[in-house]
Amino acid sequence: MVTTHNLGFPRIGKHRQLKFALEKYWSNTISADELLQTASTLRQQHWHNQNQLDWVPVGDFSFYDQVLDMSFLLGNVPKRADNLSGSELDNYFRVARGRSSANESDCTCIQAGEMTKWFDTNYHYIVPEFSQETSFSLQAQHLIAQINEAKIQGVKAKPVIIGPVTYLWLGKSKDDTNKLDLLDSLIQVYAQLFDELAMLGVEWVQVDEPVLVTELEEEWQFVFKKMYAALANSPVKLLVASYFGSLQDNLTLACGLGVAGLHLDAINAKDEIQAVIDTLPEGKVLSLGVVNGRNIWKTDLSATLLWLEPIYQQLQNRLWLAPSCSLLHVPVDLDNEQELDSDIKLWLAFAVQKLDELSLLAQALNQGRASVTKEIASNIDSINARKYSPLVHNSAVKERVAQVNDALGNRQSDYQSRAKLQGEKLNLPLYPTTTIGSFPQTPKIRQARRDYKLGELSAEKYTQVMRLEIQHCVQAQEQLGLDVLVHGEPERNDMVEYFGQQLSGYTFSQFGWVQSYGSRCVKPPIIFGDISRPKPMTLDWTIYAQSLTNKPMKGMLTGPVTMLNWSFVRDDQSRESTCLQLSLAIRDEVLDLEKSNIKLIQIDEAALREGLPLRKSQWQTYLNWAIKAYRISANGVGDETQIHTHMCYSEFNDIIAAIAQMDADVITIETSRSDMELLDIFDEFDYPNEIGPGVYDIHSPNIPSVDSMVELMQKAAQRIPAKRLWVNPDCGLKTRQWNEVNPALANMVLAAQQLREG
Ligand code: GLN
Ligand code: ZN
C-alpha cells in the first residue's frame, strides 16, 4: 500500500481568521485566551481537512513563523527578549515584530528579528540569531501540547520540524561566533527532542531540510553527515524532507543520511527520482511530492499515474505520496470562490483540493485505476479543457512573441547621446528631485475605489474623485518644488493587480490569500492565458496629470518581471514565454505614453531580484531572459524619452552587470537605511547611467532632516559623479500620511538646493 501524507497546511484560515485574531490581540481588543482559542479551532479545522491522509502534519501551525517557533523550541531566544514582562507569547511577538501590543510601553519594545525570504518563495521567516551567548535548551512544550491535542482528536500525527542543518544554515551570527561551533550542542537538543517525541508514542517525524536543494559547500556537506550520523538512530523514524528543487550534487549525500525516509519534490526534481530510487538503501521510505505545492493548477492525474505506476511496482510499501512542499504557499480552499469564471475554476486546485488529488492518486495505486474511473475521467476533461481552451490561447500573441528579436530591446543610441538630448529637452537642474510614484493612499481614496468596485459609485463620479486627487497631488508637488512630478497612483490598489485587471490572460480570486509574513497575506493574481492589452491602461490619468502642470510628468508602469514574479503563473509554458508576453503588453503602453508626449516613463521592477533561482549556477539563465523582457518593454522609445526604473533594494552587488544591461537612463533604489554603504559596489563597477539612491526611509514615520539627506547624497557623490545623481525617496509613499510626506519632501528639496549650491 502507498502511504499519503502532507508536509504542512496553510495556517491562516480560509477566511484569514488567524490574521484577524492576531491583529486584534496586538491592538488589545481580544485576550490571549481568545487568540489561543482561535488557533486551536483552526488547527482542529485543518486536521479535519486532512483526515483522509495516513499521516497529518502537526507543528506546522504557527502564530507568526515556523522558523521562529523552532528558535523558541531550541531555547534560542535573543537575549534582548529575556526577562521582559508579560507572557512567553508576548516575548515571541516582540522578537517577531518588535512589540507585542499597540499600547505597550516603549521599555518592553525590542528590536525585531531580521526577516528574510524563505528560499525562492514569497514567504518571509525570522532569521535565527547566534552569538557567543547562544546556548540551546529544549523547550518542546508547545509542540508536545499540539501533539497531545491532535491525539485527543484522533489525528494520526506526524510532527514537523525544521531540520538542524537548515536551521543552522539559515541563522546569522551576530558577532564573530562561527555557526559551526554550535553543531555539537545543537545535535544534543535535537536528540533530546526525538527522545521526548518517542516517549509520546510518535512514530514518524518530518525533518525539513530544504537546503538540500541548494549548492552546499563541502563544509556544509560535512555538517549534514555529522548531524545525521548522530541522529539517524533516534527512537523515532525520521523523514528528511527536501523541496523547492532538485538534489543534483547532493543526491548521494541525501540518500546516505541513514534516516528512515526521504521526501523529494517530484515536480521540480522529477528527472532525478529514478537515480534516487537506485541510490537509496534497501528498506528506506521514499516520499514523492507529486502534487505541486507552489501553484494553483489541477494535477494531471492520469499522466502522474502513468509515471507513478512503475515506481510503485518497484517500491511497494516504501512509496509515500505528498504535495511537493508545504501547502503554506497556496490558498486554502477553492470552494470559497464564487466569482471566478466557471471554466477557469475547473482548472484550479487550492490546498484542500490538492489533498483530494493526493488521495485519488493513492487510491488508484492501491486499489487500481478502476476504483476511481469517474474521478480520473473528470480530471482528464478539465485538463483537456484547459489545454485547448480559447480563453488560454491567442494566436496573435503567440505570433508576436515568436517574432521577438533582441533588437527590440535596444535603444536607438547609447546613453551618452541620449543624456545630451534629454538634458536639452527636460532642462533639469543638477541633483534633480523626484518621487517613486505613489502618494498617500488616504481613507477617502480607498473608499472611492471600494464604492466604484461595488457599483455604488458611477464611473463618471469615480473619475471625478480620482482627478481631484491627482490635482491635489500635482499641486502639492509643485508647491514643494519637485522637479519631475508623478500623478500619485490614487487609482491603484496594488502595483501588479492594477495592471493585471486590465490585461487579458489574468484573473483574480476573491479569497486566494497566501501568507507573506506574520499576519500579512497577499492575493497573487493568476495568469491563465496568453497576455494581451486590449486598451491603454494608464494613458488617461497620466495625460490628465500632465495637463495640470508645466513640469515634466513621469509615467508610471509595473515591469514584466515584477508582474510575473508576483503572480501565480502558467505551468503549460515557460516563465520566460509568459514574461515576454507581458513585456510586449507593457511595451505598447510605454509607446502610447510616449506618443502622448509624456517625456519620462518609469518601469518598476521591484521584484526582479526575487526571481533569482536557488542555485547560483542558474542565475545567468534567469537574468538573461528577465533583462531581455525588461528591455523589450522599456527600450522601444526614442532617444529623447527618458526611461526610469525602480527597485526596492540595492543589494545588487552580484547582479550589477545585469542591472547595467537594462540600460535605463535612471535607476532609483532603496539605500537610506544602509547609510549609502550599499553603494560600495559602485567603487568597483563603473555604472554608466544615472542613479537616484533613496534618501528618505519611507518605511519609517520619521521625517529625515535636511542635513541627514545632504550627508547621504554627499556620500553617494563620492562614488557616483554628481551630474548623474538624482534625489528621491527609497520607494513609493502610499503607506505614509500627508503630514509626514509634506515636511519630508520639503526637506528633500532643500537638501537638493544645498547640494547644488555646493
Ligand atoms: N511606483 C510604485 C509606488 O510608488 C513602486 C512601488 C514599489 O516599488 N514597491 O508605489
Ligand atoms: Zn520600491
# chains A, B, ... in the order shown; residues from 1 in each chain; ligands from 1
$ residues_around --residues "range 379-385 of chain A" --least-positions-apart "2" --cutoff "9 Å" --atoms "only C-alpha atoms" --output "PyMOL selection string"
chain A and resi 298-302+343+346-347+374-377+387-389
$ write_last_selection --atoms "C-alpha atoms" --output "CSV table (one decimal), in the first residue's frame"
chain,number,residue,atom,x,y,z
A,298,LYS,CA,-5.0,20.9,-11.1
A,299,THR,CA,-2.7,17.9,-11.3
A,300,ASP,CA,-2.9,15.9,-14.4
A,301,LEU,CA,-3.8,12.7,-12.6
A,302,SER,CA,-3.6,10.2,-15.4
A,343,ASP,CA,-14.4,27.3,-16.9
A,346,LEU,CA,-12.4,23.8,-13.2
A,347,TRP,CA,-8.7,24.1,-13.9
A,374,LYS,CA,-15.1,8.5,-12.8
A,375,GLU,CA,-12.9,10.9,-10.9
A,376,ILE,CA,-10.0,10.4,-13.4
A,377,ALA,CA,-12.3,10.9,-16.3
A,387,LYS,CA,-5.2,22.7,-22.8
A,388,TYR,CA,-7.4,23.6,-25.7
A,389,SER,CA,-9.3,26.5,-24.3
$ closest_atom_pairs --of "chain A" --to "ligand 1" --cutoff "12 Å" --atoms "only C-alpha atoms and all ligand atoms" --output "JSON lines"
{"residue": "A:Thr434", "atom": "CA", "partner": "ligand 1", "partner_atom_place_in_ligand_line": "4 (O)", "distance": 11.1}
{"residue": "A:Thr435", "atom": "CA", "partner": "ligand 1", "partner_atom_place_in_ligand_line": "4 (O)", "distance": 7.5}
{"residue": "A:Ile436", "atom": "CA", "partner": "ligand 1", "partner_atom_place_in_ligand_line": "4 (O)", "distance": 4.5}
{"residue": "A:Gly437", "atom": "CA", "partner": "ligand 1", "partner_atom_place_in_ligand_line": "4 (O)", "distance": 3.6}
{"residue": "A:Ser438", "atom": "CA", "partner": "ligand 1", "partner_atom_place_in_ligand_line": "4 (O)", "distance": 3.9}
{"residue": "A:Phe439", "atom": "CA", "partner": "ligand 1", "partner_atom_place_in_ligand_line": "4 (O)", "distance": 7.2}
{"residue": "A:Pro440", "atom": "CA", "partner": "ligand 1", "partner_atom_place_in_ligand_line": "10 (O)", "distance": 9.4}
{"residue": "A:Gln441", "atom": "CA", "partner": "ligand 1", "partner_atom_place_in_ligand_line": "10 (O)", "distance": 9.9}
{"residue": "A:Val486", "atom": "CA", "partner": "ligand 1", "partner_atom_place_in_ligand_line": "4 (O)", "distance": 9.3}
{"residue": "A:His487", "atom": "CA", "partner": "ligand 1", "partner_atom_place_in_ligand_line": "4 (O)", "distance": 10.3}
{"residue": "A:Gly488", "atom": "CA", "partner": "ligand 1", "partner_atom_place_in_ligand_line": "4 (O)", "distance": 7.8}
{"residue": "A:Glu489", "atom": "CA", "partner": "ligand 1", "partner_atom_place_in_ligand_line": "10 (O)", "distance": 7.3}
{"residue": "A:Pro490", "atom": "CA", "partner": "ligand 1", "partner_atom_place_in_ligand_line": "10 (O)", "distance": 9.8}
{"residue": "A:Glu491", "atom": "CA", "partner": "ligand 1", "partner_atom_place_in_ligand_line": "10 (O)", "distance": 11.3}
{"residue": "A:Arg492", "atom": "CA", "partner": "ligand 1", "partner_atom_place_in_ligand_line": "10 (O)", "distance": 8.8}
{"residue": "A:Asn493", "atom": "CA", "partner": "ligand 1", "partner_atom_place_in_ligand_line": "10 (O)", "distance": 9.6}
{"residue": "A:Asp494", "atom": "CA", "partner": "ligand 1", "partner_atom_place_in_ligand_line": "10 (O)", "distance": 8.0}
{"residue": "A:Met495", "atom": "CA", "partner": "ligand 1", "partner_atom_place_in_ligand_line": "2 (C)", "distance": 6.4}
{"residue": "A:Val496", "atom": "CA", "partner": "ligand 1", "partner_atom_place_in_ligand_line": "9 (N)", "distance": 9.7}
{"residue": "A:Tyr498", "atom": "CA", "partner": "ligand 1", "partner_atom_place_in_ligand_line": "2 (C)", "distance": 11.3}
{"residue": "A:Lys554", "atom": "CA", "partner": "ligand 1", "partner_atom_place_in_ligand_line": "1 (N)", "distance": 10.5}
{"residue": "A:Gly555", "atom": "CA", "partner": "ligand 1", "partner_atom_place_in_ligand_line": "1 (N)", "distance": 9.6}
{"residue": "A:Met556", "atom": "CA", "partner": "ligand 1", "partner_atom_place_in_ligand_line": "1 (N)", "distance": 6.3}
{"residue": "A:Leu557", "atom": "CA", "partner": "ligand 1", "partner_atom_place_in_ligand_line": "1 (N)", "distance": 7.1}
{"residue": "A:Thr558", "atom": "CA", "partner": "ligand 1", "partner_atom_place_in_ligand_line": "1 (N)", "distance": 7.3}
{"residue": "A:Gly559", "atom": "CA", "partner": "ligand 1", "partner_atom_place_in_ligand_line": "8 (O)", "distance": 10.2}
{"residue": "A:Thr562", "atom": "CA", "partner": "ligand 1", "partner_atom_place_in_ligand_line": "8 (O)", "distance": 9.5}
{"residue": "A:Met563", "atom": "CA", "partner": "ligand 1", "partner_atom_place_in_ligand_line": "9 (N)", "distance": 11.6}
{"residue": "A:Trp566", "atom": "CA", "partner": "ligand 1", "partner_atom_place_in_ligand_line": "9 (N)", "distance": 11.2}
{"residue": "A:Ile601", "atom": "CA", "partner": "ligand 1", "partner_atom_place_in_ligand_line": "1 (N)", "distance": 10.9}
{"residue": "A:Gln602", "atom": "CA", "partner": "ligand 1", "partner_atom_place_in_ligand_line": "1 (N)", "distance": 7.9}
{"residue": "A:Ile603", "atom": "CA", "partner": "ligand 1", "partner_atom_place_in_ligand_line": "1 (N)", "distance": 8.1}
{"residue": "A:Asp604", "atom": "CA", "partner": "ligand 1", "partner_atom_place_in_ligand_line": "8 (O)", "distance": 6.0}
{"residue": "A:Glu605", "atom": "CA", "partner": "ligand 1", "partner_atom_place_in_ligand_line": "8 (O)", "distance": 7.0}
{"residue": "A:Ala606", "atom": "CA", "partner": "ligand 1", "partner_atom_place_in_ligand_line": "8 (O)", "distance": 4.7}
{"residue": "A:Ala607", "atom": "CA", "partner": "ligand 1", "partner_atom_place_in_ligand_line": "8 (O)", "distance": 8.2}
{"residue": "A:Leu608", "atom": "CA", "partner": "ligand 1", "partner_atom_place_in_ligand_line": "8 (O)", "distance": 10.6}
{"residue": "A:His644", "atom": "CA", "partner": "ligand 1", "partner_atom_place_in_ligand_line": "1 (N)", "distance": 10.8}
{"residue": "A:Thr645", "atom": "CA", "partner": "ligand 1", "partner_atom_place_in_ligand_line": "8 (O)", "distance": 9.3}
{"residue": "A:His646", "atom": "CA", "partner": "ligand 1", "partner_atom_place_in_ligand_line": "8 (O)", "distance": 6.2}
{"residue": "A:Met647", "atom": "CA", "partner": "ligand 1", "partner_atom_place_in_ligand_line": "8 (O)", "distance": 5.8}
{"residue": "A:Cys648", "atom": "CA", "partner": "ligand 1", "partner_atom_place_in_ligand_line": "8 (O)", "distance": 5.3}
{"residue": "A:Tyr649", "atom": "CA", "partner": "ligand 1", "partner_atom_place_in_ligand_line": "8 (O)", "distance": 9.0}
{"residue": "A:Ser650", "atom": "CA", "partner": "ligand 1", "partner_atom_place_in_ligand_line": "8 (O)", "distance": 11.9}
{"residue": "A:Ile667", "atom": "CA", "partner": "ligand 1", "partner_atom_place_in_ligand_line": "8 (O)", "distance": 11.6}
{"residue": "A:Thr668", "atom": "CA", "partner": "ligand 1", "partner_atom_place_in_ligand_line": "8 (O)", "distance": 9.5}
{"residue": "A:Ile669", "atom": "CA", "partner": "ligand 1", "partner_atom_place_in_ligand_line": "8 (O)", "distance": 8.9}
{"residue": "A:Glu670", "atom": "CA", "partner": "ligand 1", "partner_atom_place_in_ligand_line": "8 (O)", "distance": 9.3}
{"residue": "A:Gly694", "atom": "CA", "partner": "ligand 1", "partner_atom_place_in_ligand_line": "8 (O)", "distance": 11.8}
{"residue": "A:Ile698", "atom": "CA", "partner": "ligand 1", "partner_atom_place_in_ligand_line": "4 (O)", "distance": 10.4}
{"residue": "A:His699", "atom": "CA", "partner": "ligand 1", "partner_atom_place_in_ligand_line": "9 (N)", "distance": 11.4}
{"residue": "A:Asn728", "atom": "CA", "partner": "ligand 1", "partner_atom_place_in_ligand_line": "4 (O)", "distance": 11.2}
{"residue": "A:Pro729", "atom": "CA", "partner": "ligand 1", "partner_atom_place_in_ligand_line": "4 (O)", "distance": 9.6}
{"residue": "A:Asp730", "atom": "CA", "partner": "ligand 1", "partner_atom_place_in_ligand_line": "8 (O)", "distance": 8.8}
{"residue": "A:Cys731", "atom": "CA", "partner": "ligand 1", "partner_atom_place_in_ligand_line": "8 (O)", "distance": 5.6}
{"residue": "A:Gly732", "atom": "CA", "partner": "ligand 1", "partner_atom_place_in_ligand_line": "4 (O)", "distance": 3.0}
{"residue": "A:Leu733", "atom": "CA", "partner": "ligand 1", "partner_atom_place_in_ligand_line": "4 (O)", "distance": 6.1}
{"residue": "A:Lys734", "atom": "CA", "partner": "ligand 1", "partner_atom_place_in_ligand_line": "10 (O)", "distance": 6.0}
{"residue": "A:Thr735", "atom": "CA", "partner": "ligand 1", "partner_atom_place_in_ligand_line": "10 (O)", "distance": 8.7}
{"residue": "A:Arg736", "atom": "CA", "partner": "ligand 1", "partner_atom_place_in_ligand_line": "10 (O)", "distance": 10.8}
$ closest_residue --among "A:Gln477, A:Ser62, A:Asn689, A:Asn739" --to "Ile720 in chain A" --atoms "only C-alpha atoms"
A:Asn689
$ residues_around --residues "range 501-514 of chain A" --least-positions-apart "6" --cutoff "6 Å" --atoms "only C-alpha atoms" --output "list in words"
Val330, Pro331, Cys521, Val522, Lys523, Pro525, Ile526, Ile527, Phe528, Gly529, Asp530, Ile531, Ser532 and Arg533 of chain A
$ atom_distance --atom1 "CA of Pro159 in chain A" --atom2 "CA of Val211 in chain A"
19.5 Å
$ residues_around --residues "range 321-323 of chain A" --least-positions-apart "3" --cutoff "6 Å" --atoms "only C-alpha atoms" --output "list of chain:residue names"
A:Thr4, A:His5, A:Asn6, A:Ser287, A:Leu288, A:Gly289, A:Val290, A:Val291, A:Asn292, A:Gly293
$ write_last_selection --atoms "N, CA, C and O atoms" --output "CSV table (one decimal), in the first residue's frame"
chain,number,residue,atom,x,y,z
A,4,THR,N,-0.1,8.1,2.3
A,4,THR,CA,-0.3,9.5,1.9
A,4,THR,C,0.0,10.4,3.2
A,4,THR,O,-0.3,10.0,4.3
A,5,HIS,N,0.6,11.5,2.9
A,5,HIS,CA,0.8,12.5,4.0
A,5,HIS,C,0.9,13.9,3.4
A,5,HIS,O,0.9,14.1,2.2
A,6,ASN,N,1.0,14.9,4.3
A,6,ASN,CA,1.1,16.2,3.9
A,6,ASN,C,2.3,16.9,4.7
A,6,ASN,O,2.5,16.5,5.8
A,287,SER,N,9.3,9.3,-0.2
A,287,SER,CA,8.1,10.1,-0.3
A,287,SER,C,8.3,11.0,-1.5
A,287,SER,O,9.2,11.7,-1.7
A,288,LEU,N,7.3,10.9,-2.4
A,288,LEU,CA,7.4,11.8,-3.6
A,288,LEU,C,6.3,12.9,-3.6
A,288,LEU,O,5.1,12.6,-3.4
A,289,GLY,N,6.8,14.1,-3.8
A,289,GLY,CA,5.9,15.2,-3.8
A,289,GLY,C,5.3,15.4,-5.2
A,289,GLY,O,6.0,16.0,-6.1
A,290,VAL,N,4.2,14.8,-5.5
A,290,VAL,CA,3.7,14.7,-6.9
A,290,VAL,C,2.6,15.7,-7.2
A,290,VAL,O,2.2,15.9,-8.3
A,291,VAL,N,2.1,16.4,-6.1
A,291,VAL,CA,1.1,17.5,-6.4
A,291,VAL,C,1.8,18.8,-6.1
A,291,VAL,O,2.4,18.9,-5.0
A,292,ASN,N,1.8,19.7,-7.0
A,292,ASN,CA,2.5,20.9,-6.9
A,292,ASN,C,2.0,21.8,-5.7
A,292,ASN,O,0.9,22.3,-5.7
A,293,GLY,N,2.9,22.0,-4.8
A,293,GLY,CA,2.5,22.8,-3.6
A,293,GLY,C,2.8,24.3,-3.8
A,293,GLY,O,2.6,25.1,-2.9
$ residues_around --residues "Leu361 in chain A" --least-positions-apart "3" --cutoff "8 Å" --atoms "only C-alpha atoms" --output "MDAnalysis selection string"
chainID A and resid 301 305 357:358 364:365
$ write_last_selection --atoms "N, CA and C atoms" --output "PDB file, in the first residue's frame"
ATOM      1  N   LEU A 301      -3.881  13.943 -13.333  1.00  0.00           N
ATOM      2  CA  LEU A 301      -3.823  12.689 -12.571  1.00  0.00           C
ATOM      3  C   LEU A 301      -3.408  11.506 -13.435  1.00  0.00           C
ATOM      4  N   LEU A 305      -0.170   9.241 -12.834  1.00  0.00           N
ATOM      5  CA  LEU A 305      -0.285   7.800 -12.556  1.00  0.00           C
ATOM      6  C   LEU A 305       0.583   6.976 -13.501  1.00  0.00           C
ATOM      7  N   GLU A 357      -6.679  15.352  -4.518  1.00  0.00           N
ATOM      8  CA  GLU A 357      -5.941  14.755  -5.642  1.00  0.00           C
ATOM      9  C   GLU A 357      -4.977  13.674  -5.143  1.00  0.00           C
ATOM     10  N   LEU A 358      -4.340  13.999  -4.035  1.00  0.00           N
ATOM     11  CA  LEU A 358      -3.382  13.055  -3.465  1.00  0.00           C
ATOM     12  C   LEU A 358      -4.074  11.739  -3.097  1.00  0.00           C
ATOM     13  N   ALA A 364      -5.879   5.073  -6.626  1.00  0.00           N
ATOM     14  CA  ALA A 364      -5.647   4.450  -7.932  1.00  0.00           C
ATOM     15  C   ALA A 364      -4.500   3.441  -7.855  1.00  0.00           C
ATOM     16  N   LEU A 365      -3.484   3.758  -7.067  1.00  0.00           N
ATOM     17  CA  LEU A 365      -2.357   2.827  -6.941  1.00  0.00           C
ATOM     18  C   LEU A 365      -2.740   1.641  -6.059  1.00  0.00           C
TER      19      LEU A 365
END
$ residues_around --residues "Asp540 in chain A" --least-positions-apart "2" --cutoff "12 Å" --atoms "only C-alpha atoms" --output "list in words"
Thr463, Met466, Arg467, Ile470, His487, Glu491, Lys535, Pro536, Met537, Thr538, Thr542, Ile543, Tyr544, Ala545, Gln546, Ser547, Gly555, Glu589, Asp592, Leu593, Ser596 and Ile598 of chain A
$ residues_around --residues "range 277-286 of chain A" --least-positions-apart "5" --cutoff "9 Å" --atoms "only C-alpha atoms" --output "list in words"
Leu239, Leu251, Thr252, Ala254, Cys255, Gly256, Gly258, Val259, Ala260, Gly261, Leu262, His263, Leu264, Glu272, Ile311, Gln314, Leu315, Asn317, Arg318, Leu319, Trp320 and Leu321 of chain A
$ select_by_dssp --residues "range 80-175 of chain A" --states "alpha helix (DSSP H)" --output "list in words"
Glu88, Leu89, Asp90, Asn91, Tyr92, Phe93, Arg94, Val95, Ala96, Arg97, Gln141, His142, Leu143, Ile144, Ala145, Gln146, Ile147, Asn148, Glu149, Ala150, Lys151, Ile152, Pro164, Val165, Thr166, Tyr167, Leu168, Trp169 and Leu170 of chain A
